[in-house]
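Shown here: my_file39.txt, compact mmCIF, C-alpha atoms.
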# COMPACT_ATOMS: atom_id res chain seq x y z
CA MET P 1 100.61 55.58 55.87
CA LYS P 2 103.86 57.46 55.37
CA ARG P 3 101.97 60.52 54.10
CA TRP P 4 99.83 60.53 57.27
CA LEU P 5 102.97 60.29 59.36
CA VAL P 6 104.58 63.16 57.48
CA ALA P 7 101.40 65.26 57.88
CA VAL P 8 101.31 64.58 61.61
CA LEU P 9 104.98 65.51 61.97
CA VAL P 10 104.48 68.72 59.98
CA LEU P 11 101.43 69.62 62.09
CA LEU P 12 103.37 68.92 65.28
CA ALA P 13 106.25 71.09 64.08
CA LEU P 14 103.84 73.93 63.31
CA VAL P 15 102.30 73.66 66.77
CA ILE P 16 105.74 73.75 68.40
CA LEU P 17 106.76 76.79 66.35
CA VAL P 18 103.50 78.76 66.56
CA SER P 19 102.36 78.03 70.13
CA PRO P 20 105.13 79.99 71.94
CA GLY P 21 104.06 83.17 70.15
CA ILE P 22 100.39 82.60 70.98
CA ILE P 23 101.20 81.70 74.58
CA GLY P 24 103.48 84.74 74.72
CA MET P 25 100.41 86.91 74.07
CA LEU P 26 98.53 85.04 76.80
CA ALA P 27 101.48 85.47 79.18
CA GLU P 28 101.62 89.22 78.46
CA LYS P 29 97.89 89.49 79.15
CA ASN P 30 98.32 87.53 82.38
CA ILE P 31 101.12 89.86 83.51
CA GLU P 32 98.98 92.94 82.76
CA GLN P 33 96.08 91.50 84.75
CA SER P 34 98.37 90.55 87.63
CA VAL P 35 99.90 94.05 87.70
CA ASP P 36 96.45 95.68 87.68
CA TRP P 37 95.26 93.38 90.47
CA ALA P 38 98.38 93.96 92.59
CA ALA P 39 98.03 97.73 92.21
CA SER P 40 94.37 97.60 93.24
CA GLU P 41 95.23 95.56 96.34
CA ALA P 42 98.14 97.75 97.52
CA ASP P 43 96.91 101.11 98.82
CA GLY P 44 99.47 103.87 98.41
CA VAL P 45 101.40 102.04 95.69
CA GLU P 46 101.25 102.70 91.95
CA VAL P 47 102.56 100.15 89.42
CA ARG P 48 103.49 101.52 85.99
CA THR P 49 104.35 99.44 82.93
CA GLU P 50 107.24 101.29 81.28
CA ARG P 51 107.75 98.81 78.47
CA PHE P 52 107.02 95.25 77.38
CA ASP P 53 108.93 93.89 74.38
CA ARG P 54 107.25 90.65 73.33
CA GLY P 55 109.33 88.21 71.31
CA TRP P 56 108.42 84.80 69.92
CA PHE P 57 110.08 82.66 72.58
CA THR P 58 111.26 85.28 75.08
CA SER P 59 109.94 88.70 76.15
CA GLU P 60 111.29 91.45 78.40
CA GLY P 61 109.33 93.85 80.57
CA ARG P 62 110.04 96.80 82.81
CA HIS P 63 107.72 97.98 85.59
CA ARG P 64 108.08 100.80 88.10
CA VAL P 65 106.59 100.61 91.60
CA VAL P 66 106.06 104.06 93.15
CA LEU P 67 104.84 105.17 96.57
CA THR P 68 102.15 107.82 96.34
CA ASP P 69 101.85 111.14 98.17
CA ALA P 70 98.21 110.44 98.94
CA ALA P 71 99.05 107.48 101.18
CA PHE P 72 102.34 108.66 102.71
CA PRO P 73 102.24 112.48 102.72
CA LEU P 74 104.26 113.02 105.91
CA ALA P 75 106.89 110.33 105.28
CA LEU P 76 107.47 111.33 101.67
CA GLY P 77 107.51 115.01 102.55
CA ASP P 78 110.20 114.32 105.15
CA TYR P 79 112.11 112.19 102.60
CA ARG P 80 112.09 115.06 100.09
CA ALA P 81 113.27 117.51 102.74
CA ARG P 82 116.18 115.26 103.73
CA THR P 83 117.34 114.32 100.23
CA GLY P 84 116.36 117.37 98.18
CA TYR P 85 114.92 115.09 95.45
CA ALA P 86 111.77 116.27 93.69
CA ASP P 87 110.55 112.86 92.52
CA LEU P 88 109.30 110.03 94.70
CA PRO P 89 111.47 106.98 95.35
CA SER P 90 110.56 103.96 93.24
CA LEU P 91 111.42 100.31 92.64
CA ILE P 92 112.17 99.21 89.07
CA VAL P 93 111.52 95.59 88.14
CA GLU P 94 113.20 94.14 85.03
CA THR P 95 111.68 90.81 83.97
CA GLN P 96 112.70 88.20 81.42
CA VAL P 97 109.77 86.04 80.32
CA ASP P 98 110.27 82.63 78.66
CA HIS P 99 107.05 81.51 76.94
CA GLY P 100 105.36 78.10 77.12
CA PRO P 101 103.92 75.60 76.50
CA VAL P 102 107.29 74.29 77.70
CA PRO P 103 109.34 77.40 78.55
CA VAL P 104 113.08 77.18 78.01
CA GLY P 105 115.84 79.63 78.83
CA ASP P 106 117.34 81.19 81.94
CA ALA P 107 114.09 82.05 83.74
CA GLY P 108 113.22 78.61 85.08
CA SER P 109 112.87 74.87 84.60
CA PRO P 110 111.39 73.48 81.34
CA THR P 111 108.03 72.26 82.68
CA PRO P 112 104.60 72.95 81.12
CA GLY P 113 103.11 76.40 81.80
CA LEU P 114 102.38 79.80 80.32
CA ALA P 115 105.74 81.27 81.24
CA ASN P 116 108.81 81.22 83.46
CA MET P 117 110.00 84.62 84.65
CA LEU P 118 113.23 85.96 86.11
CA SER P 119 113.07 89.41 87.74
CA THR P 120 115.84 91.68 88.96
CA PHE P 121 115.50 95.01 90.75
CA GLN P 122 116.81 98.59 90.79
CA PHE P 123 116.09 101.48 93.13
CA ASP P 124 115.54 105.04 91.97
CA PRO P 125 115.91 107.33 95.02
CA GLY P 126 114.17 110.14 93.13
CA ASN P 127 117.06 111.65 91.21
CA GLY P 128 117.08 109.17 88.30
CA GLU P 129 120.41 107.59 89.33
CA LEU P 130 119.53 103.89 89.43
CA VAL P 131 121.04 101.60 92.05
CA ASP P 132 121.20 97.86 91.35
CA LEU P 133 119.54 95.87 94.13
CA PRO P 134 120.56 92.35 95.13
CA GLY P 135 118.20 89.41 95.02
CA THR P 136 116.26 87.63 92.28
CA LEU P 137 112.64 86.63 91.90
CA ARG P 138 111.89 83.48 89.92
CA SER P 139 108.26 82.91 88.98
CA LYS P 140 106.30 80.27 87.12
CA VAL P 141 102.93 81.09 85.58
CA GLY P 142 100.89 77.89 85.33
CA LEU P 143 98.45 76.97 82.59
CA THR P 144 95.56 78.32 84.71
CA GLY P 145 97.27 81.68 85.26
CA ALA P 146 98.26 81.09 88.90
CA THR P 147 101.83 82.14 89.72
CA ASP P 148 104.36 80.57 92.10
CA SER P 149 107.35 82.76 92.96
CA ARG P 150 110.43 82.62 95.16
CA PHE P 151 112.55 85.62 96.13
CA LEU P 152 116.11 84.88 97.22
CA LEU P 153 118.53 87.45 98.64
CA GLY P 154 122.08 86.95 99.85
CA SER P 155 123.99 89.19 102.24
CA GLY P 156 125.34 92.58 101.16
CA GLU P 157 125.51 96.30 101.79
CA PHE P 158 125.06 99.65 100.05
CA HIS P 159 126.14 103.19 100.96
CA ASN P 160 125.90 106.66 99.39
CA GLU P 161 126.08 110.29 100.49
CA THR P 162 122.64 110.24 102.17
CA GLY P 163 122.82 106.90 104.00
CA GLY P 164 123.04 103.19 103.39
CA ALA P 165 121.86 99.71 104.24
CA SER P 166 123.24 96.28 105.06
CA TRP P 167 121.36 92.98 105.04
CA THR P 168 121.98 89.31 105.72
CA GLY P 169 119.51 87.63 103.38
CA ALA P 170 115.91 86.68 102.66
CA ASP P 171 113.91 83.73 101.35
CA ILE P 172 110.25 84.36 100.54
CA GLU P 173 107.79 82.14 98.66
CA LEU P 174 104.65 83.60 97.11
CA HIS P 175 101.61 82.07 95.41
CA THR P 176 99.16 84.41 93.67
CA ASP P 177 96.11 83.91 91.49
CA TRP P 178 94.54 87.15 90.28
CA SER P 179 91.44 85.30 88.96
CA SER P 180 90.44 84.12 92.45
CA GLY P 181 92.22 86.83 94.45
CA THR P 182 94.34 84.25 96.29
CA VAL P 183 97.59 85.27 98.00
CA ILE P 184 99.76 82.86 99.99
CA VAL P 185 103.06 84.09 101.45
CA ASN P 186 105.66 82.33 103.57
CA GLY P 187 109.13 83.69 104.19
CA ARG P 188 111.90 85.03 106.34
CA VAL P 189 113.91 88.24 106.10
CA GLU P 190 117.15 88.06 108.07
CA PRO P 191 118.40 91.05 110.16
CA LEU P 192 119.10 94.31 108.33
CA THR P 193 120.27 97.85 109.07
CA ILE P 194 119.18 101.10 107.42
CA SER P 195 120.85 104.49 107.93
CA VAL P 196 119.82 107.99 106.84
CA ALA P 197 122.11 110.87 107.84
CA ASP P 198 122.76 110.44 111.60
CA GLU P 199 119.90 108.01 112.21
CA VAL P 200 120.32 104.22 112.14
CA ALA P 201 117.60 101.59 112.38
CA THR P 202 118.42 97.93 112.99
CA ILE P 203 115.67 95.39 112.42
CA GLY P 204 115.98 91.82 113.64
CA GLY P 205 114.72 88.86 111.64
CA ILE P 206 111.24 89.13 110.13
CA THR P 207 109.00 86.09 109.67
CA LEU P 208 105.85 86.49 107.63
CA ALA P 209 102.98 84.27 106.57
CA ALA P 210 99.67 84.99 104.88
CA ASP P 211 96.88 82.94 103.35
CA GLN P 212 94.14 85.16 101.97
CA VAL P 213 91.48 85.20 99.27
CA ALA P 214 89.31 88.03 97.98
CA GLY P 215 85.88 88.02 99.59
CA ALA P 216 82.53 88.65 97.95
CA TYR P 217 82.28 92.30 99.09
CA GLY P 218 85.78 93.58 98.39
CA PHE P 219 87.31 92.45 101.71
CA ASN P 220 90.13 89.93 101.88
CA GLU P 221 89.47 86.85 104.00
CA GLY P 222 92.10 84.68 105.65
CA LYS P 223 95.07 84.84 108.00
CA VAL P 224 98.10 87.09 108.30
CA SER P 225 101.06 86.64 110.65
CA LEU P 226 104.09 88.88 111.12
CA ARG P 227 106.97 88.48 113.58
CA ILE P 228 109.79 91.00 114.06
CA ASP P 229 112.53 89.81 116.42
CA SER P 230 113.67 93.29 117.47
CA ILE P 231 113.88 96.95 116.44
CA GLU P 232 116.53 99.45 117.49
CA ALA P 233 116.65 103.09 116.43
CA GLU P 234 119.82 105.09 117.09
CA SER P 235 119.08 108.80 116.86
CA PRO P 236 120.40 111.93 118.56
CA ARG P 237 116.80 113.04 119.00
CA ASN P 238 114.61 109.98 119.64
CA PRO P 239 116.51 106.73 120.31
CA ALA P 240 114.27 103.70 120.83
CA SER P 241 114.41 99.95 121.28
CA ILE P 242 111.73 97.25 121.02
CA GLY P 243 112.40 93.68 122.08
CA GLY P 244 110.03 92.15 119.56
CA LEU P 245 106.72 92.52 117.78
CA ALA P 246 104.05 90.01 116.81
CA PHE P 247 100.98 90.58 114.70
CA ASP P 248 98.31 87.97 113.94
CA ALA P 249 95.01 88.58 112.22
CA ALA P 250 92.20 86.44 110.86
CA GLU P 251 89.40 87.88 108.79
CA ARG P 252 86.22 86.07 107.81
CA LEU P 253 83.05 87.60 106.47
CA MET P 254 79.95 86.39 108.32
CA ASN P 255 76.52 86.23 106.76
CA HIS P 256 73.69 87.36 109.05
CA HIS P 257 70.09 86.54 108.28
CA ALA P 258 67.16 88.42 109.77
As structure tokens, the full file:
Amino acid sequence: MKRWLVAVLVLLALVILVSPGIIGMLAEKNIEQSVDWAASEADGVEVRTERFDRGWFTSEGRHRVVLTDAAFPLALGDYRARTGYADLPSLIVETQVDHGPVPVGDAGSPTPGLANMLSTFQFDPGNGELVDLPGTLRSKVGLTGATDSRFLLGSGEFHNETGGASWTGADIELHTDWSSGTVIVNGRVEPLTISVADEVATIGGITLAADQVAGAYGFNEGKVSLRIDSIEAESPRNPASIGGLAFDAAERLMNHHA
């Protein structure tokens, strides 16, 4: 009886020691599939994996999100002319991944799943001089591969020689499942101000909600709602003010039979 107990304990110890490495490989694969899916869904945005260092219990990844000339030729051309930068602006995402089956570490709570992730952000304006961005994104990848995330941002400001920004916070929750194409978003971005040279844009609070799933023919089905409290643009050339904007859409693919 004691030998059986010892064998069970040894087997359990092996499972505990080996499974994080195996699940780490599964988590890395899930992240790659999620990145590929996100890139395919976002027109005009390219997501590049710059590195992924997989450890036994914890891994670290770095991804770069870049706007493309093909989707924003006028806006990016104007940005280059104003800044003098040759490269496109990009967002850099640094992610710490704690592996399951019961992830431990700084990235989240120790509950069963493939991984807990903690992401921080930097902005590259196009000259390679990285700017640390506020806010953190905590994500949990479940055993099925679905991911629940929450982005939290406090108040702050940033200024350099070309402009600046100030913000008052954000709280956005996101559920994604690349296998089914499901995206559920609910959140609020508090008022913020962006300035470039002598132009200043102030955006009131933004409320957003979406519940969509990939349809059978490449079209997303579901609802999208966006509310912007106000927009003000201070410019020597074209000042403007909008009291508020609301956008609601519902898409559903109908089958017609002859």
Legend entry - P:Val65, P:Leu91, P:Ile203, P:Leu208 ranked by distance to P:Leu130, top pick (using all atoms listed in the file): P:Leu91
Inset, instruction - Measure the distance from atom CA of P:Arg48 to atom CA of P:Thr120 in Å and round it to one decimal. - result: 16.1 Å
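Across the model, the gap from atom CA of P:Val93 to atom CA of P:Ala170 is 17.6 Å.
Using all atoms listed in the file for every distance, the candidate list P:Glu32, P:Glu173, P:Asp87, P:Asp198 yields P:Asp87 as the residue closest to P:Gly126.
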Legend entry - Atom-to-atom span, atom CA of P:Glu161 and atom CA of P:Gly128, Å: 15.2 Å
Return the padded bounding box of stretch 176-184 of chain P as JSON: axis-aligned, built from all atoms listed in the file, 4 Å added on each side, with centre and edge lengths in Å to one decimal.
{"center_x": 95.1, "center_y": 85.0, "center_z": 94.5, "size_x": 17.3, "size_y": 12.3, "size_z": 19.0}
Inset, instruction - Mind checking which residues fall within 12 Å of P:Ile172, counting all atoms listed in the file, ignoring those fewer than 3 positions away in the same chain, and posting them as a list in words? - result: Gly135, Thr136, Leu137, Arg138, Ser139, Asp148, Ser149, Arg150, Phe151, Leu152, Leu153, Gly169, His175, Ile184, Val185, Asn186, Gly187, Arg188, Val189, Glu190, Ile206, Thr207, Leu208, Ala209 and Ala210 of chain P
Could you turn the residues from that selection into a file that holds C-alpha atoms, as a short mmCIF file (atom, residue, chain, number, x, y, z; two decimals), in the coordinates of the input?
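So again_10.cif came out as:
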data_model
loop_
_atom_site.label_atom_id
_atom_site.label_comp_id
_atom_site.auth_asym_id
_atom_site.auth_seq_id
_atom_site.Cartn_x
_atom_site.Cartn_y
_atom_site.Cartn_z
CA GLY P 135 118.20 89.41 95.02
CA THR P 136 116.26 87.63 92.28
CA LEU P 137 112.64 86.63 91.90
CA ARG P 138 111.89 83.48 89.92
CA SER P 139 108.26 82.91 88.98
CA ASP P 148 104.36 80.57 92.10
CA SER P 149 107.35 82.76 92.96
CA ARG P 150 110.43 82.62 95.16
CA PHE P 151 112.55 85.62 96.13
CA LEU P 152 116.11 84.88 97.22
CA LEU P 153 118.53 87.45 98.64
CA GLY P 169 119.51 87.63 103.38
CA HIS P 175 101.61 82.07 95.41
CA ILE P 184 99.76 82.86 99.99
CA VAL P 185 103.06 84.09 101.45
CA ASN P 186 105.66 82.33 103.57
CA GLY P 187 109.13 83.69 104.19
CA ARG P 188 111.90 85.03 106.34
CA VAL P 189 113.91 88.24 106.10
CA GLU P 190 117.15 88.06 108.07
CA ILE P 206 111.24 89.13 110.13
CA THR P 207 109.00 86.09 109.67
CA LEU P 208 105.85 86.49 107.63
CA ALA P 209 102.98 84.27 106.57
CA ALA P 210 99.67 84.99 104.88
#
Kindly assemble as JSON lines a list of the stretch 144-209 of chain P residues that lie within 9 Å of stretch 234-238 of chain P, each paired with its nearest atom pair and their distance in Å to one decimal, using all atoms listed in the file, sorted first by chain and then by ascending residue number.
{"residue": "P:Asp198", "atom": "CA", "partner": "P:Ser235", "partner_atom": "CA", "distance": 6.6}
{"residue": "P:Glu199", "atom": "CA", "partner": "P:Ser235", "partner_atom": "CA", "distance": 4.8}
{"residue": "P:Val200", "atom": "CA", "partner": "P:Glu234", "partner_atom": "CA", "distance": 5.1}
{"residue": "P:Ala201", "atom": "CA", "partner": "P:Glu234", "partner_atom": "CA", "distance": 6.3}
{"residue": "P:Thr202", "atom": "CA", "partner": "P:Glu234", "partner_atom": "CA", "distance": 8.4}
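Restricting the calculation to only C-alpha atoms, the smallest distance between P:Asp53 and any of P:Thr68, P:Thr95, P:Ser180, P:Thr83 is found for P:Thr95.
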Legend entry - From P:Ala249, P:Leu118, P:Ile228, P:Val213, residue lying nearest P:Trp178 [all atoms listed in the file]: P:Val213
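With distances taken over only C-alpha atoms, P:Arg64 is the one residue among P:Arg54, P:Arg64, P:His159, P:Lys223 lying closest to P:Glu94.
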Inset, instruction - Dump as a VMD selection string all residues having an atom at most 10 Å from (122.2, 95.1, 102.0), computed in the file's coordinates with all atoms listed in the file. - result: chain P and resid 133 to 135 153 to 159 164 to 169 191 to 194
Inset, instruction - Tell me which of P:Ser241, P:Ser179, P:Thr162, P:Thr147 sits closest to P:Ala115, counting only C-alpha atoms. - result: P:Thr147
